[in-house]
Amino acid sequence: MKRYRYALIGCGRIAKRHLAAARENAGRLSLTALCDLLPEKARSLGESWQADPPAAEQPPPGVFSGHRELLEKAEPEICAIAAESGAHARIALDCIEAGCHVLIEKPIALSLSDADLILRRAAARGVAVAVCHQNRFNPAMRQLSYLVSHGLIGKPYCGAAVLRWNRNRSYYEQAAWRGRWESDGGALMNQGIHAADLLLMAMGAPEEVTAYSARLGHPYIEAEDQVAAAIRFQSGALATLEAGVNIYPENLEETLSVFGGSGSFIAGGKALDRVLHCRVDGHAGLTHDEARFVPDAAPDEIYGEGHTALYRDFLDALGAGRPPLCGAGEGRAALELVLAIYRSAKTGKPVRFPLGGWSSAEMKGMFPEPGNR
């Protein structure tokens, strides 16, 4: 079994999740290098990595402050990108040019033009790209994916995605790029994009969206902290998407509901880690019996176990020569829905698909200039 030289670019809040996933797949990944603009953060992660077997038996990973130097000197075969959102596309394109397979934290980019460039360059270089919409790999979402892919839900009628979380001032003060249109976006781009991705997985291609956004509880950021959208799909189905980070005093729920002609499904919990309702016509084994679907070990926090499964699928895809289950195309689709919602909120008009060019930077001026952080 091939073991790939692996590098992690960006050593902030989510980096530990990537390294935990890499450790769980250690038979196929060898951590070669870590990179962060603040190299002491990369060095600290490297020391933690080396402290436990089997990493202790391997050479320590190199530490770099620039990703281009990492690509030149460490020569990785797979790069995971966990840097600030506004840098995802630039770093990904450099990795692709170097011939690396790429795992990109969501969002794939902050503009459709950059996402399209990633798809084209990856195809031309023959490298694989996956996007970290890890909630697809939660047990509850795997159940829903099975029902949808096998037609058990039937013709989709309606759906609803809700993300009601808390992000306080200390979260945004962790890094200057958070909550800025050109480097991050707001509650929808950073947190609610998972809800957008899962709605698309369950309901199919969208046709039109109408949306509102607001900045209600975070006057010190540039972007939105609350979004409400109504979506019509090509099938004729309707859905709503609500995403916000104003819930007091902590994360409350992430819920996805899907209703069709022959089945209904609701998943919930803080991060879609519980199947709350499942009824499918003609399948007696699929009932509303909640206990049947609760994972044996539900995750204790919002990230769950999805990164490990996403990494495993990515490595399986490379070995089999198939696309990853959550590839660049899926990442682009989620981005397009987010940007369409943004555009509708800014223009006050419905937006039809395909969206065409748009970026989060075009949202500048949506709200008054933020106060001091």
# chains A, B, ... in the order shown; residues from 1 in each chain; ligands from 1
>>> residues_around(residues="segment 348-352 of chain A", least_positions_apart="4", cutoff="6 Å", atoms="only C-alpha atoms", output="list in words")
Glu207, Glu208, Val209, Thr210 and Ser344 of chain A
>>> select_by_dssp(residues="segment 26-261 of chain A", states="strand (DSSP E or B)", output="PyMOL selection string")
chain A and resi 29-35+62-64+78-81+101-105+111+129-132+156-164+166+206-214+226-233+238-244+246+253-260
>>> closest_residue(among="A:Val245, A:Leu144, A:Pro323, A:Leu310", to="Val258 of chain A", atoms="only C-alpha atoms")
A:Leu144
>>> closest_atom_pairs(of="segment 208-248 of chain A", to="segment 180-194 of chain A", cutoff="8 Å", atoms="only C-alpha atoms", output="tab-separated table")
residue	atom	partner	partner_atom	distance
A:Ile221	CA	A:Arg180	CA	6.6
A:Glu222	CA	A:Arg180	CA	5.1
A:Ala223	CA	A:Gly186	CA	4.7
A:Glu224	CA	A:Gly186	CA	4.9
A:Asp225	CA	A:Ala187	CA	5.0
A:Gln226	CA	A:Ala187	CA	6.4
A:Val227	CA	A:Leu188	CA	6.8
A:Ala243	CA	A:Gly192	CA	5.4
A:Gly244	CA	A:Ala187	CA	5.7
A:Val245	CA	A:Ala187	CA	6.2
>>> residues_around(residues="segment 114-129 of chain A", least_positions_apart="5", cutoff="10 Å", atoms="only C-alpha atoms", output="ChimeraX atom specification")
/A:77-80,88-90,92-104,107-109,314,317-318,321-324,326-329,331-333,335-336,357,359
>>> residues_around(residues="segment 164-172 of chain A", least_positions_apart="3", cutoff="8 Å", atoms="only C-alpha atoms", output="short mmCIF file (atom, residue, chain, number, x, y, z; two decimals) with N, CA and C atoms, in the first residue's frame")
data_model
loop_
_atom_site.label_atom_id
_atom_site.label_comp_id
_atom_site.auth_asym_id
_atom_site.auth_seq_id
_atom_site.Cartn_x
_atom_site.Cartn_y
_atom_site.Cartn_z
N ALA A 175 -7.93 35.80 15.03
CA ALA A 175 -7.18 36.13 13.82
C ALA A 175 -7.84 37.32 13.13
N ALA A 176 -7.01 38.22 12.59
CA ALA A 176 -7.54 39.45 12.00
C ALA A 176 -8.36 39.19 10.74
N ARG A 178 -10.67 36.93 10.27
CA ARG A 178 -12.01 36.39 10.51
C ARG A 178 -13.07 37.48 10.38
N GLY A 179 -14.16 37.13 9.72
CA GLY A 179 -15.28 38.05 9.59
C GLY A 179 -15.09 39.15 8.58
N HIS A 218 -22.69 41.36 16.07
CA HIS A 218 -21.23 41.43 15.95
C HIS A 218 -20.83 42.69 15.19
N ILE A 221 -17.28 43.01 13.27
CA ILE A 221 -16.85 42.30 12.07
C ILE A 221 -17.45 42.99 10.85
N GLU A 242 -31.28 28.54 7.05
CA GLU A 242 -31.05 29.54 8.10
C GLU A 242 -29.70 29.27 8.73
N ALA A 243 -28.86 30.29 8.80
CA ALA A 243 -27.55 30.13 9.42
C ALA A 243 -27.22 31.37 10.22
N GLY A 244 -26.79 31.18 11.46
CA GLY A 244 -26.43 32.32 12.28
C GLY A 244 -25.53 31.91 13.42
N VAL A 245 -24.79 32.89 13.95
CA VAL A 245 -23.87 32.64 15.06
C VAL A 245 -24.19 33.54 16.25
N ASN A 246 -25.47 33.85 16.41
CA ASN A 246 -25.93 34.74 17.47
C ASN A 246 -26.59 34.02 18.64
N ILE A 247 -26.52 32.70 18.67
CA ILE A 247 -27.26 31.95 19.69
C ILE A 247 -26.57 32.07 21.05
N TYR A 248 -27.33 32.44 22.04
CA TYR A 248 -26.80 32.60 23.39
C TYR A 248 -27.10 31.36 24.22
N PRO A 249 -26.15 30.84 25.00
CA PRO A 249 -24.77 31.31 25.14
C PRO A 249 -23.76 30.44 24.41
N GLU A 250 -24.24 29.41 23.68
CA GLU A 250 -23.34 28.45 23.05
C GLU A 250 -24.04 27.81 21.85
N ASN A 251 -23.30 26.98 21.10
CA ASN A 251 -23.89 26.28 19.96
C ASN A 251 -25.13 25.51 20.40
N LEU A 252 -26.21 25.63 19.61
CA LEU A 252 -27.45 24.96 19.95
C LEU A 252 -27.72 23.77 19.05
N GLU A 253 -27.74 24.00 17.71
CA GLU A 253 -28.12 22.89 16.84
C GLU A 253 -27.66 23.13 15.40
N GLU A 254 -27.49 22.01 14.72
CA GLU A 254 -27.42 21.98 13.26
C GLU A 254 -28.37 20.88 12.83
N ARG A 373 -12.19 46.09 16.99
CA ARG A 373 -12.24 44.75 17.57
C ARG A 373 -11.74 44.79 19.02
#
>>> closest_residue(among="A:Arg312, A:Lys73, A:Lys16, A:Lys364", to="Gly46 of chain A", atoms="only C-alpha atoms")
A:Lys16
>>> atom_distance(atom1="atom CA of Gly12 of chain A", atom2="atom CA of Asn135 of chain A")
19.8 Å
>>> closest_residue(among="A:Ala140, A:Ala229, A:Leu163, A:Ala202", to="Thr255 of chain A", atoms="only C-alpha atoms")
A:Leu163
>>> select_by_dssp(residues="segment 129-277 of chain A", states="alpha helix (DSSP H)", output="ChimeraX atom specification")
/A:139-149,169-172,187,193-203
>>> write_last_selection(atoms="N, CA and C atoms", output="CSV table (one decimal), in the first residue's frame")
chain,number,residue,atom,x,y,z
A,139,PRO,N,-22.2,9.7,10.5
A,139,PRO,CA,-23.1,8.5,10.3
A,139,PRO,C,-24.5,8.9,9.9
A,140,ALA,N,-25.1,10.0,10.4
A,140,ALA,CA,-26.4,10.4,10.1
A,140,ALA,C,-26.5,10.8,8.6
A,141,MET,N,-25.5,11.5,8.1
A,141,MET,CA,-25.5,12.0,6.8
A,141,MET,C,-25.2,10.9,5.8
A,142,ARG,N,-24.4,9.9,6.2
A,142,ARG,CA,-24.2,8.7,5.4
A,142,ARG,C,-25.5,8.0,5.2
A,143,GLN,N,-26.3,7.9,6.3
A,143,GLN,CA,-27.7,7.3,6.2
A,143,GLN,C,-28.5,8.1,5.1
A,144,LEU,N,-28.5,9.4,5.2
A,144,LEU,CA,-29.3,10.2,4.3
A,144,LEU,C,-28.8,10.0,2.9
A,145,SER,N,-27.5,10.0,2.7
A,145,SER,CA,-26.9,9.8,1.4
A,145,SER,C,-27.4,8.5,0.7
A,146,TYR,N,-27.4,7.5,1.6
A,146,TYR,CA,-27.9,6.2,1.1
A,146,TYR,C,-29.3,6.2,0.6
A,147,LEU,N,-30.2,6.9,1.4
A,147,LEU,CA,-31.6,7.0,1.1
A,147,LEU,C,-31.8,7.7,-0.2
A,148,VAL,N,-31.1,8.8,-0.3
A,148,VAL,CA,-31.2,9.7,-1.5
A,148,VAL,C,-30.7,9.0,-2.8
A,149,SER,N,-29.5,8.4,-2.7
A,149,SER,CA,-28.9,7.7,-3.8
A,149,SER,C,-29.6,6.5,-4.3
A,169,ARG,N,-17.0,37.3,20.5
A,169,ARG,CA,-15.9,38.2,20.2
A,169,ARG,C,-14.5,37.6,20.2
A,170,SER,N,-14.3,36.7,21.2
A,170,SER,CA,-13.0,36.0,21.3
A,170,SER,C,-12.7,35.2,20.1
A,171,TYR,N,-13.7,34.6,19.5
A,171,TYR,CA,-13.5,33.8,18.3
A,171,TYR,C,-12.9,34.7,17.2
A,172,TYR,N,-13.6,35.8,17.0
A,172,TYR,CA,-13.1,36.7,15.9
A,172,TYR,C,-11.8,37.4,16.2
A,187,ALA,N,-21.1,34.3,8.7
A,187,ALA,CA,-21.7,33.1,9.2
A,187,ALA,C,-22.0,32.1,8.2
A,193,ILE,N,-21.8,27.1,5.3
A,193,ILE,CA,-21.6,26.4,4.0
A,193,ILE,C,-21.8,24.9,4.1
A,194,HIS,N,-21.6,24.4,5.3
A,194,HIS,CA,-21.9,22.9,5.5
A,194,HIS,C,-23.4,22.7,5.3
A,195,ALA,N,-24.2,23.5,5.8
A,195,ALA,CA,-25.7,23.3,5.5
A,195,ALA,C,-26.0,23.5,4.1
A,196,ALA,N,-25.3,24.4,3.4
A,196,ALA,CA,-25.5,24.6,1.9
A,196,ALA,C,-25.1,23.3,1.2
A,197,ASP,N,-24.0,22.8,1.5
A,197,ASP,CA,-23.5,21.5,0.9
A,197,ASP,C,-24.4,20.4,1.1
A,198,LEU,N,-25.0,20.2,2.3
A,198,LEU,CA,-25.8,19.1,2.6
A,198,LEU,C,-27.2,19.2,1.9
A,199,LEU,N,-27.7,20.4,1.8
A,199,LEU,CA,-28.9,20.7,1.1
A,199,LEU,C,-28.8,20.2,-0.4
A,200,LEU,N,-27.7,20.6,-1.0
A,200,LEU,CA,-27.4,20.2,-2.4
A,200,LEU,C,-27.3,18.7,-2.5
A,201,MET,N,-26.7,18.0,-1.6
A,201,MET,CA,-26.5,16.6,-1.6
A,201,MET,C,-27.9,15.9,-1.6
A,202,ALA,N,-28.8,16.5,-0.7
A,202,ALA,CA,-30.1,15.9,-0.5
A,202,ALA,C,-31.2,16.3,-1.6
A,203,MET,N,-31.1,17.5,-2.1
A,203,MET,CA,-32.2,18.1,-2.9
A,203,MET,C,-31.8,18.2,-4.3
>>> closest_atom_pairs(of="segment 14-36 of chain A", to="segment 48-72 of chain A", cutoff="6 Å", atoms="only C-alpha atoms", output="JSON lines")
{"residue": "A:Thr32", "atom": "CA", "partner": "A:Pro61", "partner_atom": "CA", "distance": 4.7}
{"residue": "A:Ala33", "atom": "CA", "partner": "A:Gly62", "partner_atom": "CA", "distance": 4.4}
{"residue": "A:Leu34", "atom": "CA", "partner": "A:Val63", "partner_atom": "CA", "distance": 5.1}
{"residue": "A:Cys35", "atom": "CA", "partner": "A:Phe64", "partner_atom": "CA", "distance": 4.6}
{"residue": "A:Asp36", "atom": "CA", "partner": "A:Ser65", "partner_atom": "CA", "distance": 5.0}
>>> write_last_selection(atoms="N, CA and C atoms", output="compact mmCIF listing (two decimals), in the first residue's frame")
# COMPACT_ATOMS: atom_id res chain seq x y z
N THR A 32 5.39 15.04 6.47
CA THR A 32 6.68 15.50 5.99
C THR A 32 6.98 16.93 6.40
N ALA A 33 5.95 17.78 6.44
CA ALA A 33 6.19 19.19 6.69
C ALA A 33 4.94 19.87 7.23
N LEU A 34 5.18 20.93 8.00
CA LEU A 34 4.14 21.80 8.53
C LEU A 34 4.48 23.23 8.17
N CYS A 35 3.46 24.03 7.89
CA CYS A 35 3.70 25.39 7.44
C CYS A 35 2.72 26.34 8.09
N ASP A 36 3.22 27.47 8.57
CA ASP A 36 2.37 28.53 9.07
C ASP A 36 3.14 29.84 9.00
>>> atom_distance(atom1="atom CA of Lys2 of chain A", atom2="atom CA of Glu75 of chain A")
16.0 Å
>>> residues_around(residues="Ala21 of chain A", least_positions_apart="3", cutoff="6 Å", atoms="only C-alpha atoms", output="MDAnalysis selection string")
chainID A and resid 18 24 307:308
>>> closest_residue(among="A:Ala15, A:Ala42, A:Ile153, A:Gln174", to="Glu105 of chain A", atoms="only C-alpha atoms")
A:Ala15
>>> atom_distance(atom1="atom CA of Ala230 of chain A", atom2="atom CA of Gly263 of chain A")
21.8 Å
>>> closest_residue(among="A:Arg43, A:Arg279, A:Arg136, A:Arg215", to="Gly154 of chain A", atoms="only C-alpha atoms")
A:Arg279
>>> closest_residue(among="A:Phe233, A:Glu173, A:Leu337, A:Tyr6", to="Tyr220 of chain A", atoms="only C-alpha atoms")
A:Glu173
